[in-house]
Amino acid sequence: MGAAARAGRAPLSEVLPRFLASDDDRRLTALERLRGRMRELGDRHIRPRALEIDRRAETDAGYFDWEAVQAGLRYGVLGLTVPRSSGGEGALALEASLAIEELSAACPGVASVFGAHALGIAPLLVLGGPAHWEGALRATADAEREGRPLLMALAITEPDAGTDVQDPELMRRARLSSSARRIRGGYRLSGTKRFISNGSVARWISAFMPTDPRQPAETATGFLVDTESDGFAVARVEHKLGQRACPAAELHFDDVFVPEELVIGREGDGLAATMMTLALSRGPVGAIATGIARGAYERLSAWLTTAVEAEGLLERQEVRLALAAIVEEIRLARQAYVDAAIELELAGVGRALAHPALQAAGLVPRTIRRRPRARRWASSARARELTASLVRSSTSAREATRSLALASLAKARGADVAMRVTGLALEIAGLGAGPVRAELEKLWRDAKLTHIYEGTNQLNRLQVYRGLCLGETMPAVLPSARRRRPPRFANGAIP
Ligand SMILES: Cc1cc2nc3c(=O)[nH]c(=O)nc-3n(C[C@H](O)[C@H](O)[C@H](O)COP(=O)(O)OP(=O)(O)OC[C@H]3O[C@@H](n4cnc5c(N)ncnc54)[C@H](O)[C@@H]3O)c2cc1C
């Protein structure tokens, strides 16, 4: 790889000058190690197979490349964002974003499999409880160590509600078809979720449904669904334009039972959990997009410096200007997601995750946490109330709105950069570029999805407007302090 192509792979202090100002050497060293580990995974195991996986999934939408996931296991990708107390690596937003940029530069589709997995984990980080920490999260980390992949996913989108479920105002008018019915010991879930990344291959899905579809914003609730439950079915897998390695599925829930202890937060916390999840996950989407642009730049530069058919191109001023513009775009896109990640840690939901009380809960020995009394307390209404109040006391609604807006900015900016850079790279390479053209075309197709998932760029920019231009505060981005009425069984009896 030539010097130009290596530009994106330089040390963090070089690609992100503001890291020079950081005196946290240990964290910088750990970040560098993590980048190196993910780069090795990408270069050795993913990049060489990216086109082949894409082609196989083109002819068979249901195809899923477990080999790529298996390779990820050996590099600890599935346990990356699992908290340390549950046996994972406990990566924060900055670590997760830098890691996924590396994977995305190799293949955005495979990177999205790992990204969608982290997305499924995110609600459990923000409002989950001990039943999640000791259940799905620990199982994910344990399975990874044993060499078995256990994937997760997030399901909020429905056939008639996509943009609406990602915004507190729009959510009030959302037409949701799904609903959750309270019964003794838990809930029964019914309805359809659409476009769910990893939906056909995940073992656990964080799904959001209202207990009263006429009041979607007030009653949306998160549930951790075991996909081996009766009544759960994968209805179909979409034919995709890009990122084909990551299947997007339509899921049917037909009276699926979820026990009380697997509710994410309190009944009615679903909208806040969704918004906090998006604040955590949109920055990494900006990183996926940055990785796509970087992947295109690296492939183009390598071709320009080595291919016979590219001879003389690098001498032309317009090509040099284009390369400089590409590097400019990539660096600014990266800066945007790093800013979002750091803001999140300092002032947003990330600070709640680092709350001493939550950390301390994680330090309670497993044997004690597993005792029946401890488990009963952990899934009690009081424990859920405590988690919600910890989140509220760690960050304000204004701070959370601002960090959501910065994450949205990084996502929207990154998506535009990925589209522009992949398009430009294709123009420079031209029709006679040989094999690299297929790789660039794939990245261009892959880039389009970054405009759409985790909210379209339009919605993300409307949230940037509200959070940064208007300086608005969205109260629904955090769990409310309101004491809830005691929940009722469907037959009217109070449990
Ligand atoms: C491949 C793929 C993978 C996905 N993965 C997941 C996943 O893992 N989990 C999940 O829950 N969802 C997932 N999604 C869903 C994704 O988040 C939605 O597609 C997205 O939010 C847009 O919703 P929609 O498709 O219903 O479009 P619509 O909401 O119907 O929007 C259509 C157009 O109208 C615009 N629009 C809508 N409302 C407004 C408004 N109020 N103001 C301005 N413009 C507006 C939109 O910007 C867009 O351009 C995925 C989608 C795809 C395509």
# chains A, B, ... in the order shown; residues from 1 in each chain; ligands from 1
>>> residues_near_ligand(ligand="ligand 1", cutoff="7 Å", atoms="only C-alpha atoms and all ligand atoms", output="ChimeraX atom specification")
/A:116,153-157,159-164,166,170,194-198,240,248,449,452-459
>>> select_by_dssp(residues="region 116-364 of chain A", states="helix (DSSP H, G or I)", output="VMD selection string")
chain A and resid 116 to 127 130 to 145 163 to 166 168 to 171 216 to 219 260 to 262 270 to 306 308 to 310 313 to 315 317 to 347 349 to 353 356 to 363
>>> residues_around(residues="Ser229 (chain A)", least_positions_apart="4", cutoff="10 Å", atoms="only C-alpha atoms", output="list in words")
Val225, Ala233, Phe253, Asp255, Val256, Phe257 and Val258 of chain A
>>> closest_residue(among="A:Gly88, A:Leu462, A:Ser112, A:Arg145", to="Arg74 (chain A)", atoms="only C-alpha atoms")
A:Arg145
>>> closest_residue(among="A:Val391, A:Leu189, A:Ala352, A:Val15", to="Leu98 (chain A)", atoms="only C-alpha atoms")
A:Val15
>>> residues_around(residues="region 402-406 of chain A", least_positions_apart="6", cutoff="7 Å", atoms="only C-alpha atoms", output="PyMOL selection string")
chain A and resi 279+340+343-344+348+463-464+467-468
>>> closest_residue(among="A:Ala202, A:Val82, A:Ile292, A:Leu353", to="Glu101 (chain A)", atoms="only C-alpha atoms")
A:Ile292
>>> select_by_dssp(residues="region 116-327 of chain A", states="strand (DSSP E)", output="ChimeraX atom specification")
/A:152-155,179-183,186-197,204-210,220-226,232-237,248-259,263-264
>>> residues_around(residues="Gly430 (chain A)", least_positions_apart="4", cutoff="12 Å", atoms="only C-alpha atoms", output="PDB file with N, CA, C and O atoms, in the first residue's frame")
ATOM      1  N   LEU A 300      -8.832   3.158  -4.343  1.00  0.00           N
ATOM      2  CA  LEU A 300      -8.528   4.030  -5.476  1.00  0.00           C
ATOM      3  C   LEU A 300      -7.041   4.385  -5.494  1.00  0.00           C
ATOM      4  O   LEU A 300      -6.377   4.305  -6.542  1.00  0.00           O
ATOM      5  N   TRP A 303      -4.891   1.567  -6.584  1.00  0.00           N
ATOM      6  CA  TRP A 303      -5.028   1.353  -8.033  1.00  0.00           C
ATOM      7  C   TRP A 303      -4.253   2.426  -8.795  1.00  0.00           C
ATOM      8  O   TRP A 303      -3.518   2.119  -9.749  1.00  0.00           O
ATOM      9  N   LEU A 304      -4.366   3.675  -8.359  1.00  0.00           N
ATOM     10  CA  LEU A 304      -3.696   4.775  -9.059  1.00  0.00           C
ATOM     11  C   LEU A 304      -2.185   4.599  -9.060  1.00  0.00           C
ATOM     12  O   LEU A 304      -1.495   5.001 -10.006  1.00  0.00           O
ATOM     13  N   GLU A 309      -3.240   0.579 -16.222  1.00  0.00           N
ATOM     14  CA  GLU A 309      -4.243   1.430 -16.892  1.00  0.00           C
ATOM     15  C   GLU A 309      -4.407   2.790 -16.211  1.00  0.00           C
ATOM     16  O   GLU A 309      -5.052   3.687 -16.752  1.00  0.00           O
ATOM     17  N   ALA A 310      -3.804   2.940 -14.986  1.00  0.00           N
ATOM     18  CA  ALA A 310      -3.925   4.225 -14.282  1.00  0.00           C
ATOM     19  C   ALA A 310      -2.716   5.124 -14.533  1.00  0.00           C
ATOM     20  O   ALA A 310      -2.634   6.237 -13.994  1.00  0.00           O
ATOM     21  N   LEU A 313      -2.293   9.148 -14.459  1.00  0.00           N
ATOM     22  CA  LEU A 313      -3.444   9.842 -13.853  1.00  0.00           C
ATOM     23  C   LEU A 313      -3.033  10.718 -12.668  1.00  0.00           C
ATOM     24  O   LEU A 313      -3.548  11.810 -12.472  1.00  0.00           O
ATOM     25  N   GLY A 423     -18.732   7.948  -5.181  1.00  0.00           N
ATOM     26  CA  GLY A 423     -19.083   8.394  -6.533  1.00  0.00           C
ATOM     27  C   GLY A 423     -17.867   8.979  -7.246  1.00  0.00           C
ATOM     28  O   GLY A 423     -17.590   8.661  -8.412  1.00  0.00           O
ATOM     29  N   LEU A 424     -17.129   9.806  -6.527  1.00  0.00           N
ATOM     30  CA  LEU A 424     -15.947  10.450  -7.088  1.00  0.00           C
ATOM     31  C   LEU A 424     -14.882   9.405  -7.444  1.00  0.00           C
ATOM     32  O   LEU A 424     -14.236   9.470  -8.503  1.00  0.00           O
ATOM     33  N   ALA A 425     -14.711   8.436  -6.551  1.00  0.00           N
ATOM     34  CA  ALA A 425     -13.713   7.383  -6.795  1.00  0.00           C
ATOM     35  C   ALA A 425     -14.069   6.613  -8.075  1.00  0.00           C
ATOM     36  O   ALA A 425     -13.188   6.300  -8.889  1.00  0.00           O
ATOM     37  N   LEU A 426     -15.363   6.346  -8.263  1.00  0.00           N
ATOM     38  CA  LEU A 426     -15.793   5.641  -9.480  1.00  0.00           C
ATOM     39  C   LEU A 426     -15.518   6.481 -10.717  1.00  0.00           C
ATOM     40  O   LEU A 426     -15.084   5.973 -11.752  1.00  0.00           O
ATOM     41  N   GLY A 434     -10.765  -2.121 -14.389  1.00  0.00           N
ATOM     42  CA  GLY A 434     -10.492  -3.519 -14.023  1.00  0.00           C
ATOM     43  C   GLY A 434     -11.184  -3.898 -12.728  1.00  0.00           C
ATOM     44  O   GLY A 434     -12.187  -3.291 -12.355  1.00  0.00           O
ATOM     45  N   PRO A 435     -10.609  -4.904 -12.005  1.00  0.00           N
ATOM     46  CA  PRO A 435     -11.301  -5.467 -10.843  1.00  0.00           C
ATOM     47  C   PRO A 435     -11.652  -4.450  -9.752  1.00  0.00           C
ATOM     48  O   PRO A 435     -12.633  -4.621  -9.044  1.00  0.00           O
ATOM     49  N   VAL A 436     -10.848  -3.393  -9.609  1.00  0.00           N
ATOM     50  CA  VAL A 436     -11.127  -2.448  -8.523  1.00  0.00           C
ATOM     51  C   VAL A 436     -12.481  -1.772  -8.724  1.00  0.00           C
ATOM     52  O   VAL A 436     -13.133  -1.337  -7.774  1.00  0.00           O
ATOM     53  N   ARG A 437     -12.930  -1.725  -9.990  1.00  0.00           N
ATOM     54  CA  ARG A 437     -14.206  -1.069 -10.269  1.00  0.00           C
ATOM     55  C   ARG A 437     -15.359  -1.787  -9.533  1.00  0.00           C
ATOM     56  O   ARG A 437     -16.247  -1.138  -8.966  1.00  0.00           O
ATOM     57  N   ALA A 438     -15.328  -3.109  -9.529  1.00  0.00           N
ATOM     58  CA  ALA A 438     -16.392  -3.865  -8.842  1.00  0.00           C
ATOM     59  C   ALA A 438     -16.383  -3.545  -7.341  1.00  0.00           C
ATOM     60  O   ALA A 438     -17.434  -3.420  -6.708  1.00  0.00           O
ATOM     61  N   LEU A 440     -15.311  -0.717  -5.963  1.00  0.00           N
ATOM     62  CA  LEU A 440     -15.795   0.652  -5.763  1.00  0.00           C
ATOM     63  C   LEU A 440     -17.309   0.724  -5.962  1.00  0.00           C
ATOM     64  O   LEU A 440     -18.015   1.425  -5.230  1.00  0.00           O
ATOM     65  N   GLU A 441     -17.793  -0.026  -6.947  1.00  0.00           N
ATOM     66  CA  GLU A 441     -19.250  -0.045  -7.175  1.00  0.00           C
ATOM     67  C   GLU A 441     -19.975  -0.588  -5.950  1.00  0.00           C
ATOM     68  O   GLU A 441     -21.014  -0.076  -5.544  1.00  0.00           O
TER      69      GLU A 441
END
>>> closest_residue(among="A:Gly115, A:Gly295, A:Gly414, A:Gly283", to="Leu78 (chain A)", atoms="only C-alpha atoms")
A:Gly115
>>> closest_residue(among="A:Glu311, A:Glu439, A:Glu345, A:Glu218", to="Tyr297 (chain A)", atoms="only C-alpha atoms")
A:Glu439
>>> closest_residue(among="A:Arg26, A:Arg294, A:Arg466, A:Arg375", to="Ala447 (chain A)", atoms="only C-alpha atoms")
A:Arg294
>>> residues_around(residues="Ile342 (chain A)", least_positions_apart="6", cutoff="9 Å", atoms="only C-alpha atoms", output="mmCIF file with N, CA, C and O atoms, in the first residue's frame")
data_model
loop_
_atom_site.group_PDB
_atom_site.id
_atom_site.type_symbol
_atom_site.label_atom_id
_atom_site.label_comp_id
_atom_site.auth_asym_id
_atom_site.auth_seq_id
_atom_site.Cartn_x
_atom_site.Cartn_y
_atom_site.Cartn_z
ATOM 1 N N ALA A 93 -18.543 4.633 23.409
ATOM 2 C CA ALA A 93 -18.896 5.071 22.052
ATOM 3 C C ALA A 93 -17.650 5.323 21.187
ATOM 4 O O ALA A 93 -17.637 4.990 19.997
ATOM 5 N N LEU A 94 -16.609 5.914 21.776
ATOM 6 C CA LEU A 94 -15.422 6.241 20.988
ATOM 7 C C LEU A 94 -14.744 4.965 20.491
ATOM 8 O O LEU A 94 -14.395 4.843 19.304
ATOM 9 N N GLY A 350 -23.797 8.510 27.831
ATOM 10 C CA GLY A 350 -22.581 7.775 28.179
ATOM 11 C C GLY A 350 -22.183 8.023 29.623
ATOM 12 O O GLY A 350 -21.667 7.137 30.305
#
>>> residues_around(residues="Thr473 (chain A)", least_positions_apart="3", cutoff="9 Å", atoms="only C-alpha atoms", output="list in words")
Ala397, Arg398, Glu399, Ala400, Thr401, Arg402, Arg466, Gly467, Leu470, Ala476 and Val477 of chain A
>>> atom_distance(atom1="CA of Ser85 (chain A)", atom2="CA of Ala141 (chain A)")
10.5 Å
>>> atom_distance(atom1="CA of Trp133 (chain A)", atom2="CA of Leu278 (chain A)")
20.3 Å
>>> atom_distance(atom1="CA of Pro479 (chain A)", atom2="CA of Ala272 (chain A)")
5.3 Å
